[in-house]
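Colleague: My structure is below; once you've seen it, I'll send some questions.
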Amino acid sequence: MYDAPLSQVAEPLHRALGLTDGELDRIRELMGHDPNHFELAVFSLLWSEHCAYKHSALLLSRFPTEGLRVLQGPGENAGVLDLGDGEAVAFKVESHNHPSAVEPFQGAATGVGGILRDIVAMGARPVALLDGLRFGEAGFAFDRAVAGIGAYGNSVGVPTVGGEAFFDESYADNCLVNAMCVGLLPADRVTRAKATTPGHLVVLYGSTTGRDGIGGASVLASQELGEGAAEKRPSVQIGDPFTGNRLIEVSVELVERGLVESLQDCGAAGLASALAEMARDGAGVDVHLDRVPLREELEPWEIMISESQERMVAVVRPGFLEAVEEVCDFHDEVPVGTIPARFLTDDAPRYEVEQARRPAVPEPLMPEGPHVEDALLALLGSANIRSRSWIYERYDHLVGSRTVRRPGLDAAILRLRPSLRGLALSLDGPGRIARAAPRTGGAQAVLESARNVACAGGEPIGLTNCLNFGNPEKPEVAWELAEAIEGMARAAEALRIPVVSGNVSLYNETDGRAILPAPFPRSPRPAPRPPPASPDCRN
């Protein structure tokens with residue numbers, strides 16, 4: 001007999017799934033018993049940083065979220081604002097950073113697919129995409145991410161009309177890929193995710209379910225990257241934009257025909273997240289996992305947390321099921337787990353993060369610079385200032401025939417057909433100033449986005465944001481996050497613009513080295529009506 005070395009001692013299952021000892025104790029207290037493996041797997045995803053925002057939820061309450069135009073604020077798949085004339089806009093930005101660091105093409109492509117489904121879940125038709133990219137250099141990984149964005153957006157038929165690209169060595173091992181989508185819908189037809197009526201049916205439609213993406217929300221999105229990053233490649237989802245296009249058309253038709261009560265995207269944490277969000281207000285959901293169409297043999301817990309792409313969940317009245325099946329063309333029950341939905345959502349842990357101001361960096365001695373003419377040429381040719389046409393020319397920015405102002409200027413403008421009104425869009429983030437003075441950086445990001453659209457003649461009406469930071473368990477990073485949120489909130493209050501949606505991406509570190517903080521605010525604003533065409537104009 002001998003004692004096994006520590007390296008060979010099996011790690012407790014809850015720790016392997018990303019849960020702390022304290023969180024396991026809280027689960028036991030809520031459930032009244034030890035969770036089985038199925039239940040523990042579900043908790044690990046829904047209580048992950050990516051899904052629960054447990055280190056940022058308390059800080060996010062600082063944002064102003066109300067306004068006369070707000071039809072839907074934070075808490076749903078996307079924010080919705082009233083544009084007048086019976087029309088509304090749904091919009092949101094989300095991160096897909098760690099999957100893109102592990103597999104740039106599919107990580108970026110499925111980031112686009114996921115944000116498209118968030119907009120569809122509000123009952124809107126997607127009309128535009130934007131992207132915010134931060135990489136170490138304009139090399140192979142960046143090129144593959146751009147290719148992934150173009151491949152999905154171009155194939156699904158939604159134009160990419162704007163965005164931002166920034167290069168810094170801090171993003172060399174942990175890139176940022178933030179995908180943004182805008183959709184249009186009738187103001188009186190906002191669709192929400194909540195299931196409220198007992199006896200209604202839950203329908204899963206779209207692609208089949210496989211093992212791709214299992215554990216993405218906890219394995220990739222809620223942990224730092226390190227030497228084993230390449231081993232996490234199986235957790236990166238695989239996108240299919242052509243199925244995504246059919247999913248959009250089916251979802252829009254279901255909403256237009258009034259066949260669904262609620263819609264939810266199957267994104268991070270798969271069915272576990274989608275159904276928990278639907279049932280969080282008290283409506284229970286019985287899940288028949290044996291009825292889920294599979295592309296391979298899976299265990300029940302794998303079916304529940306798979307993040308296979310191009311899937312949606314709808315709540316349907318029993319009498320409408322046959323009509324729904326026609327639109328979707330659908331081709332021994334043993335309970336494996338029982339969890340009250342509120343345990344996964346409202347009762348998820350919320351931590352007050354310890355904050356410590358980052359020490360000021362001493363000012364370096366000014367080096368002797370080159371001649372002003374040489375410096376100007378070097379500056380204009382630098383990766384962060386030169387033309388971005390080599391990026392956006394790979395995207396289709398005209399499909400849909402709404403694009404009035406193309407990429408390359410301060411803000412994109414879409415036409416709100418058939419009227420002569422327009423919608424101006426901008427996505428921006430601060431540079432190195434967010435590390436030195438995060439409150440100032442957060443405020444400047446909001447103000448820069450507002451200025452961009454003001455140059456297009458737009459009136460600010462709403463904001464979404466994606467907050468990209470390092471490990472929030474480090475007091476200096478928590479301070480950066482809190483300060484950036486405070487700066488953004490103050491700028492939004494000064495401009496009287498509500499924040500109606502957003503995303504938080506934390507643990508953006510590799511081997512303990514954090515990225516430069518990158519809050520990405522983005523705002524849609526009505527652009528002015530163009531002058532009427534003269535009688536002799538020709539289209």
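Here, A, B, ... name the chains of the structure tokens in the order displayed, residue numbers run from 1 inside each chain, and ligands are numbered from 1 in the same displayed order.
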So which residues of region 340-454 of chain A fall under strand (DSSP E or B) by DSSP, listed as a PyMOL selection string?
Modeller: chain A and resi 403-405+407+409+412-415+422-427
Colleague: At a cut-off of 12 Å, using only C-alpha atoms, what residues contact Leu24 (chain A)? Leave out same-chain residues fewer than 4 positions from it and give the result as a PyMOL selection string.
Modeller: chain A and resi 12-15+17-20+28-36+39-41+43-44+47+348-349
Colleague: Filtering to N, CA, C and O atoms, could you give me those residues as a compact mmCIF listing (two decimals), in the first residue's frame?
Modeller:
# COMPACT_ATOMS: atom_id res chain seq x y z
N PRO A 12 -12.46 16.73 -7.06
CA PRO A 12 -13.91 16.60 -6.84
C PRO A 12 -14.66 17.09 -8.08
O PRO A 12 -14.25 18.05 -8.73
N LEU A 13 -15.78 16.45 -8.37
CA LEU A 13 -16.53 16.75 -9.60
C LEU A 13 -16.95 18.21 -9.66
O LEU A 13 -16.85 18.85 -10.71
N HIS A 14 -17.42 18.77 -8.54
CA HIS A 14 -17.90 20.14 -8.59
C HIS A 14 -16.78 21.12 -8.94
O HIS A 14 -16.99 22.10 -9.63
N ARG A 15 -15.57 20.85 -8.46
CA ARG A 15 -14.45 21.73 -8.81
C ARG A 15 -14.06 21.57 -10.27
O ARG A 15 -13.73 22.54 -10.94
N LEU A 17 -16.00 21.01 -12.58
CA LEU A 17 -17.03 21.70 -13.35
C LEU A 17 -17.00 23.21 -13.14
O LEU A 17 -17.83 23.93 -13.72
N GLY A 18 -16.09 23.70 -12.30
CA GLY A 18 -15.95 25.14 -12.12
C GLY A 18 -16.69 25.72 -10.94
O GLY A 18 -16.77 26.94 -10.79
N LEU A 19 -17.26 24.87 -10.07
CA LEU A 19 -17.98 25.35 -8.88
C LEU A 19 -17.05 25.33 -7.67
O LEU A 19 -16.22 24.44 -7.52
N THR A 20 -17.20 26.32 -6.80
CA THR A 20 -16.41 26.36 -5.58
C THR A 20 -17.05 25.50 -4.50
O THR A 20 -18.22 25.09 -4.61
N ARG A 28 -26.54 22.51 -2.18
CA ARG A 28 -27.12 21.53 -1.25
C ARG A 28 -28.22 22.16 -0.39
O ARG A 28 -29.27 21.56 -0.14
N GLU A 29 -27.98 23.40 0.05
CA GLU A 29 -28.96 24.09 0.88
C GLU A 29 -30.24 24.36 0.10
O GLU A 29 -31.36 24.17 0.61
N LEU A 30 -30.11 24.80 -1.16
CA LEU A 30 -31.28 25.10 -1.98
C LEU A 30 -32.06 23.84 -2.33
O LEU A 30 -33.30 23.82 -2.27
N MET A 31 -31.34 22.79 -2.70
CA MET A 31 -32.00 21.56 -3.16
C MET A 31 -32.51 20.71 -2.01
O MET A 31 -33.44 19.91 -2.19
N GLY A 32 -31.86 20.81 -0.86
CA GLY A 32 -32.24 19.96 0.27
C GLY A 32 -31.63 18.58 0.20
O GLY A 32 -31.99 17.70 0.99
N HIS A 33 -30.71 18.38 -0.73
CA HIS A 33 -30.03 17.08 -0.86
C HIS A 33 -28.78 17.28 -1.71
O HIS A 33 -28.59 18.33 -2.32
N ASP A 34 -27.95 16.26 -1.76
CA ASP A 34 -26.77 16.32 -2.63
C ASP A 34 -27.22 16.25 -4.09
O ASP A 34 -27.98 15.34 -4.45
N PRO A 35 -26.78 17.16 -4.94
CA PRO A 35 -27.17 17.09 -6.35
C PRO A 35 -26.55 15.88 -7.02
O PRO A 35 -25.41 15.50 -6.73
N ASN A 36 -27.31 15.25 -7.93
CA ASN A 36 -26.71 14.16 -8.71
C ASN A 36 -25.86 14.75 -9.83
O ASN A 36 -25.76 15.98 -9.99
N GLU A 39 -27.74 17.13 -12.26
CA GLU A 39 -28.07 18.42 -11.66
C GLU A 39 -26.84 19.28 -11.45
O GLU A 39 -26.85 20.50 -11.66
N LEU A 40 -25.73 18.65 -11.06
CA LEU A 40 -24.50 19.40 -10.83
C LEU A 40 -23.98 19.98 -12.14
O LEU A 40 -23.48 21.12 -12.18
N ALA A 41 -24.10 19.23 -13.22
CA ALA A 41 -23.66 19.73 -14.52
C ALA A 41 -24.48 20.95 -14.95
O ALA A 41 -23.93 21.93 -15.48
N PHE A 43 -26.12 23.07 -12.89
CA PHE A 43 -25.73 24.18 -12.02
C PHE A 43 -24.40 24.79 -12.45
O PHE A 43 -24.21 26.01 -12.41
N SER A 44 -23.45 23.94 -12.84
CA SER A 44 -22.12 24.45 -13.20
C SER A 44 -22.19 25.40 -14.39
O SER A 44 -21.42 26.36 -14.46
N TRP A 47 -24.55 28.65 -13.21
CA TRP A 47 -23.88 29.47 -12.21
C TRP A 47 -22.48 29.89 -12.65
O TRP A 47 -21.72 30.44 -11.86
N ALA A 348 -28.78 32.31 -8.14
CA ALA A 348 -27.36 32.19 -8.46
C ALA A 348 -26.57 33.15 -7.58
O ALA A 348 -27.07 34.21 -7.20
N PRO A 349 -25.34 32.80 -7.20
CA PRO A 349 -24.57 33.67 -6.31
C PRO A 349 -24.29 35.04 -6.92
O PRO A 349 -24.13 35.16 -8.13
Colleague: Write out as a PyMOL selection string the set of residues from region 139-227 of chain A that DSSP, computed on the backbone, places in alpha helix (DSSP H).
Modeller: chain A and resi 140-156
Colleague: Between A:Leu506, A:Val313, A:Leu420, A:Ala147, which residue has the minimum interatomic distance to Ala109 (chain A), considering only C-alpha atoms?
Modeller: A:Ala147
Colleague: I'd like a table as CSV: residues in region 271-386 of chain A with an atom no more than 12 Å from region 249-257 of chain A, each row giving the shortest atom pair and its distance in Å to one decimal, only C-alpha atoms counted, sorted by chain and rising residue number.
Modeller:
residue,atom,partner,partner_atom,distance
A:Glu310,CA,A:Ser251,CA,11.3
A:Arg311,CA,A:Ser251,CA,10.5
A:Met312,CA,A:Ser251,CA,8.3
A:Val313,CA,A:Ser251,CA,9.9
A:Ala314,CA,A:Ser251,CA,9.1
A:Val315,CA,A:Leu254,CA,11.0
A:Val316,CA,A:Leu254,CA,10.0
A:Phe320,CA,A:Leu254,CA,10.4
A:Leu321,CA,A:Leu254,CA,11.1
A:Ala323,CA,A:Leu254,CA,9.1
A:Val324,CA,A:Leu254,CA,7.0
A:Glu325,CA,A:Leu254,CA,10.2
A:Glu326,CA,A:Val250,CA,10.2
A:Val327,CA,A:Val250,CA,6.5
A:Cys328,CA,A:Val250,CA,6.4
A:Asp329,CA,A:Val250,CA,9.7
A:Phe330,CA,A:Val250,CA,11.7
Colleague: Put those residues in a file: all heavy atoms, as a compact mmCIF listing (two decimals), in the first residue's frame.
Modeller:
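Saved result, out30.txt, follows:
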# COMPACT_ATOMS: atom_id res chain seq x y z
N GLU A 310 -27.58 26.93 -34.03
CA GLU A 310 -28.78 27.01 -34.88
C GLU A 310 -29.97 26.26 -34.28
O GLU A 310 -30.66 25.48 -34.94
CB GLU A 310 -28.50 26.48 -36.29
CG GLU A 310 -27.66 27.37 -37.14
CD GLU A 310 -26.17 27.28 -36.83
OE1 GLU A 310 -25.68 26.15 -36.69
OE2 GLU A 310 -25.51 28.33 -36.72
N ARG A 311 -30.23 26.51 -33.00
CA ARG A 311 -31.40 25.91 -32.34
C ARG A 311 -32.16 26.99 -31.58
O ARG A 311 -31.58 27.90 -31.01
CB ARG A 311 -30.97 24.80 -31.36
CG ARG A 311 -30.26 23.63 -32.01
CD ARG A 311 -29.89 22.58 -30.98
NE ARG A 311 -29.06 23.15 -29.92
CZ ARG A 311 -28.94 22.62 -28.70
NH1 ARG A 311 -29.61 21.53 -28.38
NH2 ARG A 311 -28.16 23.19 -27.80
N MET A 312 -33.48 26.87 -31.58
CA MET A 312 -34.36 27.79 -30.86
C MET A 312 -35.39 26.97 -30.07
O MET A 312 -35.70 25.83 -30.44
CB MET A 312 -35.09 28.72 -31.82
CG MET A 312 -34.22 29.65 -32.64
SD MET A 312 -33.55 31.05 -31.72
CE MET A 312 -35.05 32.01 -31.45
N VAL A 313 -35.91 27.59 -29.02
CA VAL A 313 -36.97 26.97 -28.21
C VAL A 313 -38.17 27.91 -28.22
O VAL A 313 -38.03 29.12 -28.02
CB VAL A 313 -36.50 26.72 -26.77
CG1 VAL A 313 -37.65 26.16 -25.93
CG2 VAL A 313 -35.33 25.75 -26.74
N ALA A 314 -39.35 27.35 -28.44
CA ALA A 314 -40.59 28.14 -28.47
C ALA A 314 -41.60 27.56 -27.51
O ALA A 314 -41.67 26.34 -27.32
CB ALA A 314 -41.17 28.17 -29.88
N VAL A 315 -42.40 28.43 -26.90
CA VAL A 315 -43.56 28.01 -26.11
C VAL A 315 -44.79 28.16 -27.00
O VAL A 315 -45.04 29.22 -27.58
CB VAL A 315 -43.71 28.86 -24.84
CG1 VAL A 315 -45.01 28.52 -24.13
CG2 VAL A 315 -42.52 28.64 -23.91
N VAL A 316 -45.56 27.06 -27.11
CA VAL A 316 -46.65 26.98 -28.09
C VAL A 316 -47.93 26.51 -27.40
O VAL A 316 -47.90 25.61 -26.56
CB VAL A 316 -46.27 25.98 -29.21
CG1 VAL A 316 -47.40 25.85 -30.22
CG2 VAL A 316 -44.98 26.41 -29.89
N PHE A 320 -51.95 24.96 -31.38
CA PHE A 320 -51.15 25.49 -32.49
C PHE A 320 -50.00 24.57 -32.89
O PHE A 320 -49.26 24.87 -33.82
CB PHE A 320 -50.56 26.86 -32.12
CG PHE A 320 -51.57 27.97 -32.05
CD1 PHE A 320 -51.22 29.21 -31.53
CD2 PHE A 320 -52.87 27.79 -32.51
CE1 PHE A 320 -52.14 30.24 -31.48
CE2 PHE A 320 -53.81 28.80 -32.45
CZ PHE A 320 -53.44 30.03 -31.94
N LEU A 321 -49.85 23.43 -32.17
CA LEU A 321 -48.68 22.59 -32.40
C LEU A 321 -48.60 22.11 -33.85
O LEU A 321 -47.53 22.12 -34.46
CB LEU A 321 -48.70 21.40 -31.45
CG LEU A 321 -47.52 20.42 -31.60
CD1 LEU A 321 -46.20 21.13 -31.35
CD2 LEU A 321 -47.68 19.24 -30.65
N ALA A 323 -49.74 23.47 -36.58
CA ALA A 323 -49.34 24.57 -37.47
C ALA A 323 -47.86 24.89 -37.30
O ALA A 323 -47.16 25.18 -38.28
CB ALA A 323 -50.18 25.81 -37.18
N VAL A 324 -47.37 24.82 -36.07
CA VAL A 324 -45.94 25.05 -35.83
C VAL A 324 -45.10 23.98 -36.50
O VAL A 324 -44.07 24.26 -37.12
CB VAL A 324 -45.65 25.10 -34.31
CG1 VAL A 324 -44.15 25.10 -34.04
CG2 VAL A 324 -46.29 26.34 -33.69
N GLU A 325 -45.53 22.75 -36.40
CA GLU A 325 -44.80 21.65 -37.04
C GLU A 325 -44.75 21.82 -38.55
O GLU A 325 -43.74 21.52 -39.19
CB GLU A 325 -45.44 20.31 -36.66
CG GLU A 325 -45.22 19.90 -35.22
CD GLU A 325 -45.92 18.60 -34.87
OE1 GLU A 325 -46.88 18.24 -35.60
OE2 GLU A 325 -45.53 17.95 -33.89
N GLU A 326 -45.83 22.33 -39.12
CA GLU A 326 -45.84 22.56 -40.57
C GLU A 326 -44.82 23.63 -40.96
O GLU A 326 -44.13 23.49 -41.97
CB GLU A 326 -47.24 22.98 -41.02
CG GLU A 326 -48.28 21.87 -40.95
CD GLU A 326 -49.66 22.36 -41.34
OE1 GLU A 326 -49.79 23.56 -41.67
OE2 GLU A 326 -50.61 21.55 -41.31
N VAL A 327 -44.72 24.68 -40.16
CA VAL A 327 -43.74 25.74 -40.45
C VAL A 327 -42.32 25.21 -40.28
O VAL A 327 -41.43 25.46 -41.09
CB VAL A 327 -43.97 26.96 -39.54
CG1 VAL A 327 -42.88 28.00 -39.76
CG2 VAL A 327 -45.34 27.57 -39.81
N CYS A 328 -42.10 24.43 -39.22
CA CYS A 328 -40.76 23.92 -38.92
C CYS A 328 -40.40 22.69 -39.74
O CYS A 328 -39.21 22.36 -39.86
CB CYS A 328 -40.65 23.57 -37.43
SG CYS A 328 -40.82 24.98 -36.33
N ASP A 329 -41.42 21.97 -40.26
CA ASP A 329 -41.20 20.75 -41.03
C ASP A 329 -40.37 19.75 -40.23
O ASP A 329 -39.31 19.31 -40.63
CB ASP A 329 -40.50 21.07 -42.36
CG ASP A 329 -40.50 19.87 -43.30
OD1 ASP A 329 -41.34 18.96 -43.13
OD2 ASP A 329 -39.64 19.84 -44.21
N PHE A 330 -40.89 19.36 -39.08
CA PHE A 330 -40.17 18.46 -38.18
C PHE A 330 -40.06 17.07 -38.78
O PHE A 330 -40.94 16.58 -39.45
CB PHE A 330 -40.89 18.33 -36.84
CG PHE A 330 -40.74 19.51 -35.97
CD1 PHE A 330 -41.82 20.34 -35.70
CD2 PHE A 330 -39.53 19.82 -35.39
CE1 PHE A 330 -41.69 21.43 -34.90
CE2 PHE A 330 -39.40 20.92 -34.59
CZ PHE A 330 -40.49 21.72 -34.34
Colleague: Give me the residues near region 268-270 of chain A as a list in words, where near means some atom within 6 Å (using only C-alpha atoms) and where sequence neighbours in that chain fewer than 6 positions away do not count.
Modeller: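 What passes the distance filter is Leu45, Ala217, Ile305, Ser306 and Glu307 of chain A.
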Colleague: Region 347-413 of chain A near region 122-138 of chain A within 9 Å: what's each residue's closest atom pair and its distance in Å to one decimal, counting only C-alpha atoms, ordered by chain then ascending residue number, as JSON lines?
Modeller:
{"residue": "A:Ala383", "atom": "CA", "partner": "A:Ala138", "partner_atom": "CA", "distance": 7.5}
{"residue": "A:His397", "atom": "CA", "partner": "A:Ala128", "partner_atom": "CA", "distance": 8.3}
{"residue": "A:Gly400", "atom": "CA", "partner": "A:Val127", "partner_atom": "CA", "distance": 7.2}
{"residue": "A:Arg402", "atom": "CA", "partner": "A:Val127", "partner_atom": "CA", "distance": 7.9}
{"residue": "A:Thr403", "atom": "CA", "partner": "A:Ala128", "partner_atom": "CA", "distance": 8.7}
Colleague: Next, write the just-selected residues to a file, as an mmCIF file, in the first residue's frame, keeping all heavy atoms as the atom set.
Modeller:
data_model
loop_
_atom_site.group_PDB
_atom_site.id
_atom_site.type_symbol
_atom_site.label_atom_id
_atom_site.label_comp_id
_atom_site.auth_asym_id
_atom_site.auth_seq_id
_atom_site.Cartn_x
_atom_site.Cartn_y
_atom_site.Cartn_z
ATOM 1 N N ALA A 383 -0.903 49.898 -37.613
ATOM 2 C CA ALA A 383 -2.062 48.998 -37.703
ATOM 3 C C ALA A 383 -3.319 49.603 -37.098
ATOM 4 O O ALA A 383 -4.429 49.261 -37.493
ATOM 5 C CB ALA A 383 -1.738 47.676 -37.010
ATOM 6 N N HIS A 397 -21.778 44.277 -47.134
ATOM 7 C CA HIS A 397 -22.442 45.317 -46.359
ATOM 8 C C HIS A 397 -23.627 45.932 -47.102
ATOM 9 O O HIS A 397 -24.173 46.951 -46.656
ATOM 10 C CB HIS A 397 -21.443 46.420 -45.950
ATOM 11 C CG HIS A 397 -20.496 46.822 -47.024
ATOM 12 N ND1 HIS A 397 -19.222 46.300 -47.130
ATOM 13 C CD2 HIS A 397 -20.634 47.682 -48.046
ATOM 14 C CE1 HIS A 397 -18.604 46.833 -48.157
ATOM 15 N NE2 HIS A 397 -19.444 47.671 -48.738
ATOM 16 N N GLY A 400 -29.629 43.053 -48.468
ATOM 17 C CA GLY A 400 -30.817 43.562 -47.795
ATOM 18 C C GLY A 400 -31.255 44.922 -48.289
ATOM 19 O O GLY A 400 -32.363 45.363 -48.008
ATOM 20 N N ARG A 402 -30.629 47.948 -47.498
ATOM 21 C CA ARG A 402 -30.969 49.005 -46.552
ATOM 22 C C ARG A 402 -29.786 49.948 -46.298
ATOM 23 O O ARG A 402 -29.971 51.029 -45.745
ATOM 24 C CB ARG A 402 -31.382 48.411 -45.202
ATOM 25 C CG ARG A 402 -32.721 47.706 -45.207
ATOM 26 C CD ARG A 402 -33.035 47.213 -43.798
ATOM 27 N NE ARG A 402 -34.314 46.524 -43.751
ATOM 28 C CZ ARG A 402 -35.486 47.093 -43.541
ATOM 29 N NH1 ARG A 402 -35.530 48.410 -43.381
ATOM 30 N NH2 ARG A 402 -36.601 46.401 -43.501
ATOM 31 N N THR A 403 -28.574 49.542 -46.663
ATOM 32 C CA THR A 403 -27.385 50.291 -46.281
ATOM 33 C C THR A 403 -27.278 51.577 -47.087
ATOM 34 O O THR A 403 -27.095 51.553 -48.303
ATOM 35 C CB THR A 403 -26.115 49.443 -46.482
ATOM 36 O OG1 THR A 403 -26.295 48.181 -45.840
ATOM 37 C CG2 THR A 403 -24.906 50.150 -45.911
#
Colleague: Mind checking which residues fall within 7 Å of Leu81 (chain A), counting only C-alpha atoms, ignoring those fewer than 4 positions away in the same chain, and posting them as a list of chain:residue names?
Modeller: A:Arg69, A:Val70, A:Leu71, A:Gln72, A:Ala88, A:Val89, A:Ala90
Colleague: Could you tell me how far CA of Met304 (chain A) lies from CA of Gly183 (chain A), in Å and to one decimal?
Modeller: 28.8 Å
Colleague: Find the nearest atom pair between each residue of region 437-502 of chain A and region 425-432 of chain A for residues within 7 Å, count only C-alpha atoms, give distances in Å to one decimal, sort rows by chain and ascending number, and present the table as a tab-separated table.
Modeller:
residue	atom	partner	partner_atom	distance
A:Gly441	CA	A:Pro430	CA	5.6
A:Gln444	CA	A:Pro430	CA	6.8
A:Ala445	CA	A:Gly429	CA	5.1
A:Glu448	CA	A:Asp428	CA	6.9
A:Ser449	CA	A:Ser426	CA	5.6
A:Asn452	CA	A:Ser426	CA	6.6
A:Val453	CA	A:Ser426	CA	6.4
Colleague: Could you pull the residues within 9 Å of Cys466 (chain A), counting only C-alpha atoms, minus those fewer than 6 positions along the same chain, as a PyMOL selection string?
Modeller: chain A and resi 92-95+178+502-505+518-522
Colleague: Which value, in Å to one decimal, gives the distance between CA of Pro64 (chain A) and CA of Glu493 (chain A)?
Modeller: 6.7 Å
Colleague: Per residue of region 41-110 of chain A within 8 Å of region 480-486 of chain A, what are the shortest atom pair and its distance in Å to one decimal, counting only C-alpha atoms, with rows by chain and residue number, as a tab-separated table?
Modeller:
residue	atom	partner	partner_atom	distance
A:Leu59	CA	A:Ala482	CA	6.4
A:Leu60	CA	A:Ile485	CA	7.2
A:Arg62	CA	A:Glu486	CA	7.1
A:Phe63	CA	A:Ile485	CA	7.5
Colleague: Restricting the output to N, CA, C and O atoms, write the selected residues as a PDB file, in the first residue's frame.
Modeller:
ATOM      1  N   LEU A  59     -22.751  45.356  -9.882  1.00  0.00           N
ATOM      2  CA  LEU A  59     -22.184  46.568 -10.464  1.00  0.00           C
ATOM      3  C   LEU A  59     -23.038  47.090 -11.617  1.00  0.00           C
ATOM      4  O   LEU A  59     -23.175  48.300 -11.807  1.00  0.00           O
ATOM      5  N   LEU A  60     -23.639  46.184 -12.371  1.00  0.00           N
ATOM      6  CA  LEU A  60     -24.407  46.586 -13.554  1.00  0.00           C
ATOM      7  C   LEU A  60     -25.673  47.353 -13.205  1.00  0.00           C
ATOM      8  O   LEU A  60     -26.236  48.052 -14.057  1.00  0.00           O
ATOM      9  N   ARG A  62     -25.852  49.907 -11.771  1.00  0.00           N
ATOM     10  CA  ARG A  62     -25.527  51.337 -11.833  1.00  0.00           C
ATOM     11  C   ARG A  62     -26.006  51.977 -13.136  1.00  0.00           C
ATOM     12  O   ARG A  62     -26.208  53.193 -13.195  1.00  0.00           O
ATOM     13  N   PHE A  63     -26.204  51.193 -14.179  1.00  0.00           N
ATOM     14  CA  PHE A  63     -26.577  51.758 -15.478  1.00  0.00           C
ATOM     15  C   PHE A  63     -28.002  52.317 -15.460  1.00  0.00           C
ATOM     16  O   PHE A  63     -28.914  51.696 -14.896  1.00  0.00           O
TER      17      PHE A  63
END
Colleague: Out of A:Asp286, A:Asp240, A:Asp265, A:Glu169, which residue has the shortest atom-to-atom distance to Gly199 (chain A) when counting only C-alpha atoms?
Modeller: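 Between A:Asp286, A:Asp240, A:Asp265, A:Glu169, the residue approaching Gly199 (chain A) most closely is A:Asp286.
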Colleague: Quick one: everything within 10 Å of Arg451 (chain A), counting only C-alpha atoms, minus sequence neighbours fewer than 5 positions away in the same chain. Send it as a list in words.
Modeller: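 Counting only C-alpha atoms, the residues come to Asp410, Ala411, Ser426, Ala445, Val446, Ala456, Gly457, Gly458 and Pro460 of chain A.
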Colleague: Can you spit out the residues from that selection as a compact mmCIF listing (two decimals), in the first residue's frame, using N, CA and C atoms?
Modeller:
# COMPACT_ATOMS: atom_id res chain seq x y z
N ASP A 410 -17.75 57.47 -39.86
CA ASP A 410 -17.99 57.45 -38.41
C ASP A 410 -19.09 56.48 -38.00
N ALA A 411 -20.18 56.43 -38.75
CA ALA A 411 -21.30 55.58 -38.39
C ALA A 411 -21.98 55.06 -39.64
N SER A 426 -23.25 52.79 -34.39
CA SER A 426 -21.82 52.93 -34.12
C SER A 426 -21.40 51.96 -33.03
N ALA A 445 -15.70 55.97 -24.20
CA ALA A 445 -16.26 55.01 -25.14
C ALA A 445 -17.70 55.37 -25.49
N VAL A 446 -18.49 55.77 -24.48
CA VAL A 446 -19.87 56.18 -24.74
C VAL A 446 -19.90 57.45 -25.57
N ALA A 456 -23.23 61.80 -38.24
CA ALA A 456 -24.14 61.33 -39.29
C ALA A 456 -25.51 61.98 -39.17
N GLY A 457 -25.67 62.87 -38.20
CA GLY A 457 -26.94 63.57 -38.01
C GLY A 457 -27.93 62.83 -37.16
N GLY A 458 -27.49 61.83 -36.41
CA GLY A 458 -28.41 61.03 -35.63
C GLY A 458 -28.67 61.60 -34.25
N PRO A 460 -29.18 60.44 -30.33
CA PRO A 460 -28.98 59.28 -29.44
C PRO A 460 -30.28 58.83 -28.79
Colleague: Would you please work out which residue, of A:Arg435, A:Glu87, A:Ala450, A:Gly442, is nearest to Asp188 (chain A) when using only C-alpha atoms?
Modeller: A:Glu87
Colleague: Restricting the calculation to only C-alpha atoms, which member of A:Thr197, A:Asn174, A:Thr208, A:Asn245 is positioned closest to Leu516 (chain A)?
Modeller: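 Ranked by minimum distance to Leu516 (chain A), first place goes to A:Asn174.
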Colleague: Which residues come within 10 Å of Leu58 (chain A), counting only C-alpha atoms, excluding same-chain residues fewer than 3 positions away, as a PyMOL selection string?
Modeller: chain A and resi 53-55+61-62+350-353+482
Colleague: May I have the selected residues written with C-alpha atoms, as a compact mmCIF listing (two decimals), in the first residue's frame?
Modeller:
# COMPACT_ATOMS: atom_id res chain seq x y z
CA TYR A 53 -22.75 37.41 -14.01
CA LYS A 54 -21.99 36.59 -10.39
CA HIS A 55 -19.06 39.03 -10.14
CA SER A 61 -27.32 47.98 -11.55
CA ARG A 62 -25.53 51.34 -11.83
CA ARG A 350 -23.92 37.41 -6.48
CA TYR A 351 -20.54 38.50 -5.18
CA GLU A 352 -19.48 41.93 -4.00
CA VAL A 353 -16.03 42.04 -5.53
CA ALA A 482 -16.39 49.06 -11.45
Colleague: Between CA of Arg490 (chain A) and CA of Thr345 (chain A), what distance in Å does the model show, to one decimal?
Modeller: 28.6 Å
